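**Q** Provided below: start-v2.cif, containing mmCIF, C-alpha atoms.
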data_query
#
loop_
_atom_site.label_atom_id
_atom_site.label_comp_id
_atom_site.auth_asym_id
_atom_site.auth_seq_id
_atom_site.Cartn_x
_atom_site.Cartn_y
_atom_site.Cartn_z
CA MET A 997 0.00 0.00 0.00
CA PHE A 998 2.69 2.48 1.06
CA ALA A 999 6.47 2.41 1.11
CA GLU A 1000 6.18 3.79 4.63
CA THR A 1001 3.14 4.19 6.88
CA VAL A 1002 3.57 7.31 9.00
CA ALA A 1003 0.26 7.74 10.85
CA THR A 1004 -3.19 6.35 11.39
CA GLY A 1005 -6.31 8.00 12.71
CA ASP A 1006 -9.81 9.20 11.86
CA PHE A 1007 -9.06 12.04 9.45
CA ASP A 1008 -12.62 12.49 8.14
CA GLY A 1009 -14.67 12.07 11.31
CA ASP A 1010 -16.54 8.92 10.24
CA SER A 1011 -15.30 6.77 13.17
CA LYS A 1012 -13.19 4.58 10.86
CA ILE A 1013 -9.39 4.53 10.88
CA ASP A 1014 -7.59 6.05 7.88
CA VAL A 1015 -3.94 5.64 6.92
CA VAL A 1016 -1.32 8.27 6.14
CA GLY A 1017 1.72 7.02 4.25
CA ARG A 1018 4.66 8.08 2.15
CA ASN A 1019 5.55 7.02 -1.40
CA SER A 1020 8.45 8.59 -3.32
CA GLY A 1021 8.54 11.63 -1.05
CA LEU A 1022 4.79 12.24 -1.29
CA ILE A 1023 2.52 12.02 1.72
CA LYS A 1024 -0.93 10.66 0.93
CA ILE A 1025 -4.05 9.56 2.79
CA LEU A 1026 -6.13 6.47 2.15
CA LYS A 1027 -9.65 6.81 3.49
CA ASN A 1028 -11.23 3.73 5.07
CA THR A 1029 -14.59 3.38 3.30
CA SER A 1030 -15.55 0.04 4.81
CA SER A 1031 -19.14 -0.33 5.95
CA GLY A 1032 -18.43 -3.40 8.07
CA SER A 1033 -15.72 -4.39 10.53
CA ALA A 1034 -13.15 -5.50 7.95
CA PRO A 1035 -10.85 -2.74 6.61
CA ASN A 1036 -11.47 -1.83 3.01
CA PHE A 1037 -9.09 0.96 2.07
CA THR A 1038 -9.62 2.66 -1.27
CA ASN A 1039 -7.70 5.43 -2.96
CA ASP A 1040 -10.65 7.83 -3.20
CA PHE A 1041 -9.13 10.01 -0.50
CA SER A 1042 -5.68 10.29 -2.06
CA THR A 1043 -4.18 13.75 -1.91
CA ALA A 1044 -0.50 14.54 -2.25
CA ILE A 1045 0.51 17.14 0.31
CA GLY A 1046 4.28 16.97 0.11
CA GLY A 1047 6.86 16.45 -2.59
CA ASN A 1048 10.49 16.27 -3.61
CA ASN A 1049 12.64 19.32 -4.24
CA ASN A 1050 16.34 19.60 -4.92
CA ALA A 1051 16.72 22.56 -2.59
CA GLY A 1052 15.34 20.82 0.48
CA ARG A 1053 13.04 18.13 1.72
CA HIS A 1054 9.43 17.68 2.75
CA SER A 1055 8.68 15.91 5.99
CA TYR A 1056 5.52 14.64 7.63
CA LEU A 1057 5.55 16.03 11.17
CA GLY A 1058 2.41 14.66 12.75
CA SER A 1059 -1.34 14.86 13.09
CA ALA A 1060 -3.72 16.39 15.60
CA ASP A 1061 -7.17 17.96 15.72
CA ILE A 1062 -5.88 21.51 15.25
CA ASN A 1063 -9.24 23.14 14.54
CA ASN A 1064 -11.20 21.10 17.13
CA ASP A 1065 -13.74 19.75 14.64
CA GLY A 1066 -13.42 16.07 15.52
CA ARG A 1067 -11.16 15.27 12.54
CA LEU A 1068 -7.40 14.93 12.53
CA ASP A 1069 -5.42 17.53 10.61
CA ILE A 1070 -2.02 17.05 8.97
CA VAL A 1071 1.10 19.00 9.88
CA ASN A 1072 3.63 19.03 7.06
CA GLY A 1073 7.06 20.71 6.83
CA TYR A 1074 9.46 21.86 4.17
CA PHE A 1075 13.11 22.33 5.12
CA GLY A 1076 15.93 23.72 2.98
CA SER A 1077 19.41 25.07 3.59
CA PHE A 1078 18.20 28.50 4.64
CA ILE A 1079 14.47 28.21 5.17
CA GLY A 1080 11.98 26.14 7.09
CA THR A 1081 8.21 26.28 6.85
CA ILE A 1082 5.46 24.44 8.67
CA THR A 1083 2.05 24.00 7.05
CA VAL A 1084 -1.08 22.89 8.86
CA LEU A 1085 -3.56 21.27 6.49
CA LEU A 1086 -6.97 21.51 8.15
CA SER A 1087 -9.44 18.71 7.59
CA ARG A 1088 -12.59 19.16 5.55
CA PRO A 1089 -15.72 17.00 5.61
CA CYS A 1090 -14.96 14.01 3.35
CA ASP A 1091 -11.80 15.72 2.10
CA SER A 1092 -8.28 16.21 3.45
CA VAL A 1093 -7.25 19.42 1.75
CA THR A 1094 -8.53 21.58 -1.06
CA ARG A 1095 -5.99 21.49 -3.86
CA SER A 1096 -4.74 24.67 -5.41
CA PRO A 1097 -5.73 25.03 -9.07
CA PHE A 1098 -2.99 25.39 -11.70
CA ASP A 1099 -0.38 23.96 -9.30
CA PHE A 1100 2.17 22.37 -11.65
CA ASP A 1101 4.80 21.46 -9.05
CA GLY A 1102 2.58 20.14 -6.25
CA ASP A 1103 3.61 22.63 -3.57
CA GLY A 1104 0.06 23.77 -2.79
CA ARG A 1105 0.38 27.09 -4.65
CA SER A 1106 -1.06 28.11 -8.00
CA ASP A 1107 1.62 28.96 -10.55
CA ALA A 1108 1.77 31.94 -12.90
CA SER A 1109 1.85 30.30 -16.33
CA ILE A 1110 1.13 31.10 -19.96
CA PHE A 1111 0.32 29.37 -23.25
CA ARG A 1112 1.88 30.74 -26.44
CA PRO A 1113 -0.57 29.93 -29.28
CA SER A 1114 1.86 30.72 -32.09
CA SER A 1115 4.23 27.93 -31.02
CA GLY A 1116 2.03 25.68 -28.85
CA GLN A 1117 4.33 26.30 -25.90
CA TRP A 1118 3.44 26.19 -22.22
CA TRP A 1119 5.66 28.32 -19.97
CA LEU A 1120 5.23 27.49 -16.29
CA ASN A 1121 6.68 29.77 -13.61
CA ARG A 1122 6.48 27.16 -10.87
CA SER A 1123 6.58 28.62 -7.37
CA THR A 1124 8.93 25.94 -6.03
CA ASP A 1125 10.57 24.22 -9.00
CA GLY A 1126 11.26 27.23 -11.24
CA VAL A 1127 10.48 27.97 -14.89
CA ILE A 1128 9.96 25.16 -17.37
CA ALA A 1129 8.62 25.08 -20.93
CA HIS A 1130 6.80 22.36 -22.87
CA THR A 1131 5.44 22.23 -26.41
CA PHE A 1132 2.02 20.60 -26.37
CA GLY A 1133 -1.02 21.42 -28.48
CA ASN A 1134 -1.82 24.05 -31.08
CA GLU A 1135 -3.50 27.43 -31.28
CA SER A 1136 -6.96 26.00 -31.98
CA ASP A 1137 -6.95 23.77 -28.89
CA ARG A 1138 -8.82 24.60 -25.68
CA LEU A 1139 -6.56 24.51 -22.60
CA VAL A 1140 -7.80 22.18 -19.84
CA PRO A 1141 -4.98 21.81 -17.25
CA ALA A 1142 -5.94 19.81 -14.15
CA ASP A 1143 -4.69 16.90 -12.02
CA TYR A 1144 -6.00 13.96 -14.04
CA THR A 1145 -3.55 11.41 -12.59
CA GLY A 1146 -3.98 12.15 -8.89
CA ASP A 1147 -0.33 12.91 -8.08
CA GLY A 1148 -1.07 16.35 -6.62
CA LYS A 1149 0.23 18.24 -9.66
CA SER A 1150 -1.75 19.82 -12.49
CA ASP A 1151 -1.17 18.11 -15.82
CA ILE A 1152 -0.74 20.02 -19.07
CA ALA A 1153 -3.78 19.13 -21.17
CA VAL A 1154 -5.83 20.30 -24.17
CA PHE A 1155 -9.23 19.61 -25.68
CA ARG A 1156 -9.24 19.63 -29.49
CA PRO A 1157 -12.66 20.79 -30.75
CA ALA A 1158 -12.02 19.70 -34.35
CA SER A 1159 -11.76 16.04 -33.37
CA GLY A 1160 -13.36 16.00 -29.91
CA GLU A 1161 -10.17 14.53 -28.42
CA TRP A 1162 -8.48 15.17 -25.08
CA PHE A 1163 -4.66 15.10 -24.86
CA ILE A 1164 -3.08 14.88 -21.40
CA LEU A 1165 0.64 15.19 -20.64
CA ARG A 1166 1.34 13.33 -17.40
CA SER A 1167 3.24 15.40 -14.84
CA GLU A 1168 4.91 12.25 -13.50
CA ASP A 1169 6.98 11.39 -16.57
CA TYR A 1170 5.82 13.70 -19.42
CA THR A 1171 4.32 10.85 -21.42
CA TYR A 1172 0.88 11.59 -22.82
CA TYR A 1173 -2.36 9.83 -23.54
CA SER A 1174 -5.46 10.81 -25.50
CA PHE A 1175 -9.08 9.79 -25.83
CA PRO A 1176 -12.20 10.97 -27.71
CA PHE A 1177 -14.83 12.72 -25.63
CA GLY A 1178 -16.97 15.53 -26.98
CA LEU A 1179 -17.89 17.44 -30.11
CA ALA A 1180 -17.05 20.75 -31.73
CA GLY A 1181 -18.98 23.45 -29.88
CA ASP A 1182 -18.73 21.74 -26.49
CA VAL A 1183 -17.27 23.72 -23.58
CA PRO A 1184 -14.67 21.74 -21.58
CA VAL A 1185 -15.22 21.94 -17.80
CA PRO A 1186 -12.74 19.55 -16.12
CA ALA A 1187 -13.11 19.05 -12.36
CA ASP A 1188 -13.18 16.29 -9.75
CA PHE A 1189 -16.90 15.44 -9.86
CA ASP A 1190 -16.56 12.04 -8.12
CA SER A 1191 -14.24 13.13 -5.29
CA ASP A 1192 -11.55 10.53 -5.98
CA GLY A 1193 -8.62 12.95 -6.08
CA MET A 1194 -8.41 12.97 -9.88
CA SER A 1195 -9.94 15.53 -12.22
CA ASP A 1196 -12.51 14.22 -14.66
CA ALA A 1197 -12.81 15.14 -18.32
CA ALA A 1198 -16.13 16.94 -18.59
CA LEU A 1199 -18.11 18.99 -21.10
CA PHE A 1200 -21.05 21.37 -21.20
CA ARG A 1201 -22.97 21.28 -24.49
CA PRO A 1202 -24.65 24.70 -24.95
CA ALA A 1203 -26.88 23.49 -27.80
CA THR A 1204 -28.77 21.16 -25.44
CA SER A 1205 -27.65 22.45 -22.01
CA THR A 1206 -26.29 18.96 -21.31
CA TRP A 1207 -23.35 18.03 -19.09
CA TYR A 1208 -21.16 15.02 -19.83
CA VAL A 1209 -18.68 13.80 -17.21
CA ALA A 1210 -16.21 10.95 -17.84
CA ARG A 1211 -15.66 9.99 -14.21
CA SER A 1212 -12.18 8.69 -13.41
CA SER A 1213 -13.73 6.30 -10.90
CA GLY A 1214 -15.78 4.74 -13.71
CA GLY A 1215 -18.80 5.45 -15.88
CA THR A 1216 -20.08 8.54 -17.68
CA LEU A 1217 -22.58 10.97 -16.25
CA SER A 1218 -25.01 12.74 -18.59
CA THR A 1219 -27.50 15.28 -17.30
CA ARG A 1220 -29.31 18.38 -18.53
CA PHE A 1221 -28.83 21.47 -16.41
CA GLY A 1222 -29.15 25.05 -17.60
CA LEU A 1223 -30.54 27.03 -20.52
CA THR A 1224 -29.24 28.51 -23.75
CA GLY A 1225 -26.88 31.37 -22.92
CA ASP A 1226 -25.84 29.99 -19.53
CA LEU A 1227 -22.16 29.75 -18.58
CA PRO A 1228 -20.86 26.59 -16.86
CA VAL A 1229 -19.20 27.30 -13.48
CA PRO A 1230 -18.55 23.94 -11.77
CA ASP A 1231 -16.86 24.05 -8.36
CA ASP A 1232 -17.25 22.54 -4.90
CA TYR A 1233 -19.88 24.85 -3.41
CA ASP A 1234 -20.92 22.58 -0.53
CA GLY A 1235 -17.46 21.47 0.62
CA ASP A 1236 -17.97 17.71 0.21
CA GLY A 1237 -14.89 17.22 -1.97
CA ALA A 1238 -16.87 16.79 -5.19
CA ALA A 1239 -17.27 19.46 -7.86
CA ASP A 1240 -20.87 20.54 -8.35
CA ILE A 1241 -22.62 21.10 -11.68
CA ALA A 1242 -23.48 24.79 -11.80
CA ILE A 1243 -24.29 27.61 -14.21
CA TYR A 1244 -24.22 31.40 -14.24
CA ARG A 1245 -27.06 33.05 -16.16
CA PRO A 1246 -25.69 36.42 -17.33
CA ALA A 1247 -29.01 37.71 -18.67
CA LEU A 1248 -30.52 37.61 -15.17
CA GLY A 1249 -27.42 37.68 -12.99
CA GLN A 1250 -28.41 34.31 -11.54
CA TRP A 1251 -26.36 31.39 -10.22
CA TRP A 1252 -27.90 27.92 -10.24
CA LEU A 1253 -25.91 25.39 -8.20
CA GLN A 1254 -26.73 21.67 -8.24
CA ARG A 1255 -24.79 20.85 -5.08
CA SER A 1256 -23.93 17.17 -4.75
CA SER A 1257 -24.59 17.06 -0.99
CA ALA A 1258 -26.69 20.13 -0.19
CA GLY A 1259 -29.09 20.14 -3.14
CA LEU A 1260 -30.19 22.78 -5.64
CA ILE A 1261 -29.94 26.47 -4.84
CA ALA A 1262 -30.39 29.63 -6.92
CA LEU A 1263 -28.83 33.01 -6.16
CA SER A 1264 -29.03 36.45 -7.76
CA PHE A 1265 -25.57 38.02 -7.82
CA GLY A 1266 -24.02 39.99 -10.67
CA ASN A 1267 -24.97 41.35 -14.08
CA SER A 1268 -24.59 40.46 -17.73
CA SER A 1269 -21.12 42.02 -18.17
CA ASP A 1270 -19.55 40.39 -15.11
CA LYS A 1271 -17.13 37.45 -15.34
CA PRO A 1272 -17.80 34.59 -12.90
CA VAL A 1273 -14.71 33.69 -10.83
CA PRO A 1274 -15.87 31.20 -8.15
CA GLY A 1275 -13.37 30.01 -5.57
CA ASP A 1276 -12.90 29.55 -1.84
CA PHE A 1277 -12.01 33.15 -0.96
CA THR A 1278 -12.90 32.77 2.75
CA GLY A 1279 -11.09 29.50 3.48
CA ASP A 1280 -14.07 27.54 4.84
CA GLY A 1281 -13.65 24.64 2.40
CA LYS A 1282 -16.56 25.74 0.18
CA SER A 1283 -16.29 27.70 -3.06
CA ASP A 1284 -17.88 31.13 -2.91
CA VAL A 1285 -19.98 32.62 -5.68
CA ALA A 1286 -17.79 35.45 -7.01
CA LEU A 1287 -17.53 37.88 -9.92
CA TRP A 1288 -15.05 40.26 -11.51
CA ARG A 1289 -16.47 43.40 -13.14
CA PRO A 1290 -14.29 44.48 -16.11
CA ALA A 1291 -15.78 47.98 -16.31
CA THR A 1292 -14.63 48.92 -12.79
CA GLY A 1293 -12.03 46.29 -11.90
CA TYR A 1294 -14.04 45.33 -8.83
CA TRP A 1295 -14.27 41.83 -7.34
CA TYR A 1296 -17.53 40.77 -5.64
CA VAL A 1297 -17.55 37.73 -3.34
CA LEU A 1298 -20.68 36.18 -1.82
CA ARG A 1299 -19.60 34.38 1.35
CA SER A 1300 -20.70 30.73 1.49
CA GLU A 1301 -20.89 30.97 5.29
CA ASP A 1302 -23.76 33.48 5.56
CA ALA A 1303 -24.56 34.82 2.04
CA SER A 1304 -23.19 38.26 2.93
CA PHE A 1305 -20.85 39.80 0.37
CA PHE A 1306 -17.76 41.96 0.17
CA ALA A 1307 -16.20 43.88 -2.71
CA PHE A 1308 -12.85 45.45 -3.51
CA PRO A 1309 -11.03 46.93 -6.51
CA PHE A 1310 -8.18 44.97 -8.11
CA GLY A 1311 -7.45 45.33 -11.80
CA THR A 1312 -8.62 47.52 -14.63
CA SER A 1313 -10.49 47.25 -17.92
CA GLY A 1314 -8.54 45.10 -20.37
CA ASP A 1315 -7.11 42.83 -17.67
CA VAL A 1316 -7.74 39.08 -17.61
CA PRO A 1317 -8.89 37.67 -14.23
CA VAL A 1318 -6.65 34.76 -13.13
CA PRO A 1319 -7.83 33.69 -9.66
CA GLY A 1320 -5.92 30.98 -7.80
CA ASP A 1321 -4.28 30.19 -4.47
CA PHE A 1322 -0.87 31.72 -5.19
CA ASP A 1323 0.34 31.80 -1.55
CA GLY A 1324 -0.88 28.33 -0.58
CA ASP A 1325 -2.98 29.36 2.42
CA GLY A 1326 -6.14 27.54 1.33
CA ARG A 1327 -7.92 30.70 0.18
CA ALA A 1328 -8.45 31.85 -3.39
CA ASP A 1329 -6.58 35.05 -4.29
CA SER A 1330 -7.84 37.74 -6.64
CA ALA A 1331 -5.35 38.22 -9.46
CA VAL A 1332 -5.17 39.64 -12.98
CA PHE A 1333 -2.90 39.36 -16.00
CA ARG A 1334 -2.43 42.59 -17.96
CA PRO A 1335 -1.80 41.77 -21.64
CA SER A 1336 -0.71 45.31 -22.53
CA ASN A 1337 2.53 44.86 -20.57
CA ALA A 1338 2.46 41.09 -19.88
CA THR A 1339 2.40 41.75 -16.14
CA TRP A 1340 0.87 39.68 -13.35
CA TYR A 1341 -0.81 41.33 -10.36
CA LEU A 1342 -1.51 38.98 -7.45
CA ASN A 1343 -3.55 40.11 -4.44
CA GLN A 1344 -2.54 37.28 -2.11
CA SER A 1345 -4.65 36.78 1.01
CA SER A 1346 -1.63 35.99 3.22
CA ALA A 1347 1.44 37.16 1.30
CA GLY A 1348 0.19 40.54 0.06
CA VAL A 1349 0.40 42.07 -3.39
CA SER A 1350 2.96 40.74 -5.86
CA ILE A 1351 3.65 42.31 -9.27
CA PHE A 1352 5.95 40.80 -11.90
CA GLY A 1353 6.33 40.36 -15.63
CA PHE A 1354 5.98 36.91 -17.20
CA GLY A 1355 5.10 36.16 -20.80
CA LEU A 1356 4.36 38.21 -23.90
CA GLN A 1357 1.41 40.41 -24.84
CA SER A 1358 -0.03 37.74 -27.14
CA ASP A 1359 0.22 34.92 -24.57
CA VAL A 1360 -2.79 33.32 -22.89
CA PRO A 1361 -2.61 33.29 -19.05
CA ILE A 1362 -3.32 29.69 -18.05
CA PRO A 1363 -5.04 30.39 -14.67
CA GLY A 1364 -7.64 32.35 -16.65
CA VAL A 1365 -8.54 29.73 -19.25
CA LEU A 1366 -11.54 28.34 -17.35
CA THR A 1367 -12.96 31.79 -16.57
CA ARG A 1368 -16.00 32.41 -18.78
#
Could you write out this file's structure as structure tokens?

**A**
Amino acid sequence: MFAETVATGDFDGDSKIDVVGRNSGLIKILKNTSSGSAPNFTNDFSTAIGGNNNAGRHSYLGSADINNDGRLDIVNGYFGSFIGTITVLLSRPCDSVTRSPFDFDGDGRSDASIFRPSSGQWWLNRSTDGVIAHTFGNESDRLVPADYTGDGKSDIAVFRPASGEWFILRSEDYTYYSFPFGLAGDVPVPADFDSDGMSDAALFRPATSTWYVARSSGGTLSTRFGLTGDLPVPDDYDGDGAADIAIYRPALGQWWLQRSSAGLIALSFGNSSDKPVPGDFTGDGKSDVALWRPATGYWYVLRSEDASFFAFPFGTSGDVPVPGDFDGDGRADSAVFRPSNATWYLNQSSAGVSIFGFGLQSDVPIPGVLTR
């Protein structure tokens, strides 16, 4: 099961013992999903929370109920020649830790990254492992980076509308695989809909308002949800570890969320010119309904805790919103890429504002590719 077992305990509060172990420098959890007395460990709770790095080492330090919610939390450390950091990964219901989107080196932080359509190049400014470039795809492809293999790192991936094929470059060894799924005109919406730690290839078909999900745990889900003109905005709005089918209706400023655990809910928030940017901005383990308004550069976030909202300015007209967790604190950060000067502006919730140049004016910022 593991090269080394480092801890056991009830990490999800279901009164069954789970296992924490280490394989190749990565710390992972296996959730005990047995319904009887015999252990039946499955890998549907696998989340990499550490990793290898030439400049230092990751170490599992221990587990304890840090936030007093009846579930064990993981304490993980990174130690190098000159630095040492300790990270506490708080438990979530049915989930160990919310992964950062667009995290290509598995350090828990989203990475500034661009796609260069003219050459099919991906340039990744990885927060721990430095800059790397790959050639994968072409200018007519739709970018769909996500962790399809469950190793804790986002994989470079594209959806090719002309053929309806998905091409995924594995982060483990840079081999790739492909498969047909979809048609021209479909909108790719990859996410972990079955809560197994691996992103699923998924599509929204505007012509029929139908969702198609190729679940990595097996089987294909097909369901109608939405109307013509709706924008797909899947995310985990109820904090159960599974992405929820959801749409934003620009014409009415409505959000319709088909939450996998908490049921259907509709909310009025925004207007027709806003761009939906959902994410967990408050750090409670649930994605918040959120918008960026290009005309004013304002962000509007509807708190999942109590449906109150807050707003703040960050960005200007012409910017591209690129939300992500760039400081690795478990909260989504507002951020924009400014094509006019190829500059990134990150409003990090813990680390403050960061401004730097990366890319060219004609490049596509990867953390913004799933923003509608």

**Q** What would the selection look like, as a count of residues only, if the PyMOL selection byres ((chain A and resi 1256) around 12) were run on the coordinates I just shared?

**A** 25

**Q** Expand the PyMOL selection byres ((chain A and resi 1108) around 6) into the individual residues it matches in the shown file, reporting them as a PyMOL selection string.

**A** chain A and resi 1107+1109+1121

**Q** Kindly give the distance, in Å, that separates atom CA of A:Gly1225 and atom CA of A:Trp1207, rounded to a single decimal.

**A**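 Separating atom CA of A:Gly1225 from atom CA of A:Trp1207 is a distance of 14.3 Å.
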
**Q** I need the output of the PyMOL selection byres ((chain A and resi 1168) around 12) for this file as a list in words; which residues are they?

**A** Ser1020, Gly1047, Phe1100, Asp1101, Gly1102, Asp1143, Tyr1144, Thr1145, Gly1146, Asp1147, Gly1148, Lys1149, Ser1150, Asp1151, Ile1152, Ile1164, Leu1165, Arg1166, Ser1167, Asp1169, Tyr1170, Thr1171 and Tyr1172 of chain A

**Q** Include C-alpha atoms and write out the residues we just selected as a PDB file, keeping the file's coordinate frame.

**A**
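Output contents, as saved in part-v3.pdb:
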ATOM      1  CA  SER A1020       8.450   8.590  -3.320  1.00  0.00           C
ATOM      2  CA  GLY A1047       6.860  16.450  -2.590  1.00  0.00           C
ATOM      3  CA  PHE A1100       2.170  22.370 -11.650  1.00  0.00           C
ATOM      4  CA  ASP A1101       4.800  21.460  -9.050  1.00  0.00           C
ATOM      5  CA  GLY A1102       2.580  20.140  -6.250  1.00  0.00           C
ATOM      6  CA  ASP A1143      -4.690  16.900 -12.020  1.00  0.00           C
ATOM      7  CA  TYR A1144      -6.000  13.960 -14.040  1.00  0.00           C
ATOM      8  CA  THR A1145      -3.550  11.410 -12.590  1.00  0.00           C
ATOM      9  CA  GLY A1146      -3.980  12.150  -8.890  1.00  0.00           C
ATOM     10  CA  ASP A1147      -0.330  12.910  -8.080  1.00  0.00           C
ATOM     11  CA  GLY A1148      -1.070  16.350  -6.620  1.00  0.00           C
ATOM     12  CA  LYS A1149       0.230  18.240  -9.660  1.00  0.00           C
ATOM     13  CA  SER A1150      -1.750  19.820 -12.490  1.00  0.00           C
ATOM     14  CA  ASP A1151      -1.170  18.110 -15.820  1.00  0.00           C
ATOM     15  CA  ILE A1152      -0.740  20.020 -19.070  1.00  0.00           C
ATOM     16  CA  ILE A1164      -3.080  14.880 -21.400  1.00  0.00           C
ATOM     17  CA  LEU A1165       0.640  15.190 -20.640  1.00  0.00           C
ATOM     18  CA  ARG A1166       1.340  13.330 -17.400  1.00  0.00           C
ATOM     19  CA  SER A1167       3.240  15.400 -14.840  1.00  0.00           C
ATOM     20  CA  ASP A1169       6.980  11.390 -16.570  1.00  0.00           C
ATOM     21  CA  TYR A1170       5.820  13.700 -19.420  1.00  0.00           C
ATOM     22  CA  THR A1171       4.320  10.850 -21.420  1.00  0.00           C
ATOM     23  CA  TYR A1172       0.880  11.590 -22.820  1.00  0.00           C
TER      24      TYR A1172
END

**Q** Please determine, counting all atoms listed in the file, which residue among A:Tyr1173, A:Trp1295, A:Phe1265, A:Phe1163 has the shortest atom-to-atom distance to A:Gln1250.

**A**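 With all atoms listed in the file as the atom set, the closest residue is A:Phe1265.
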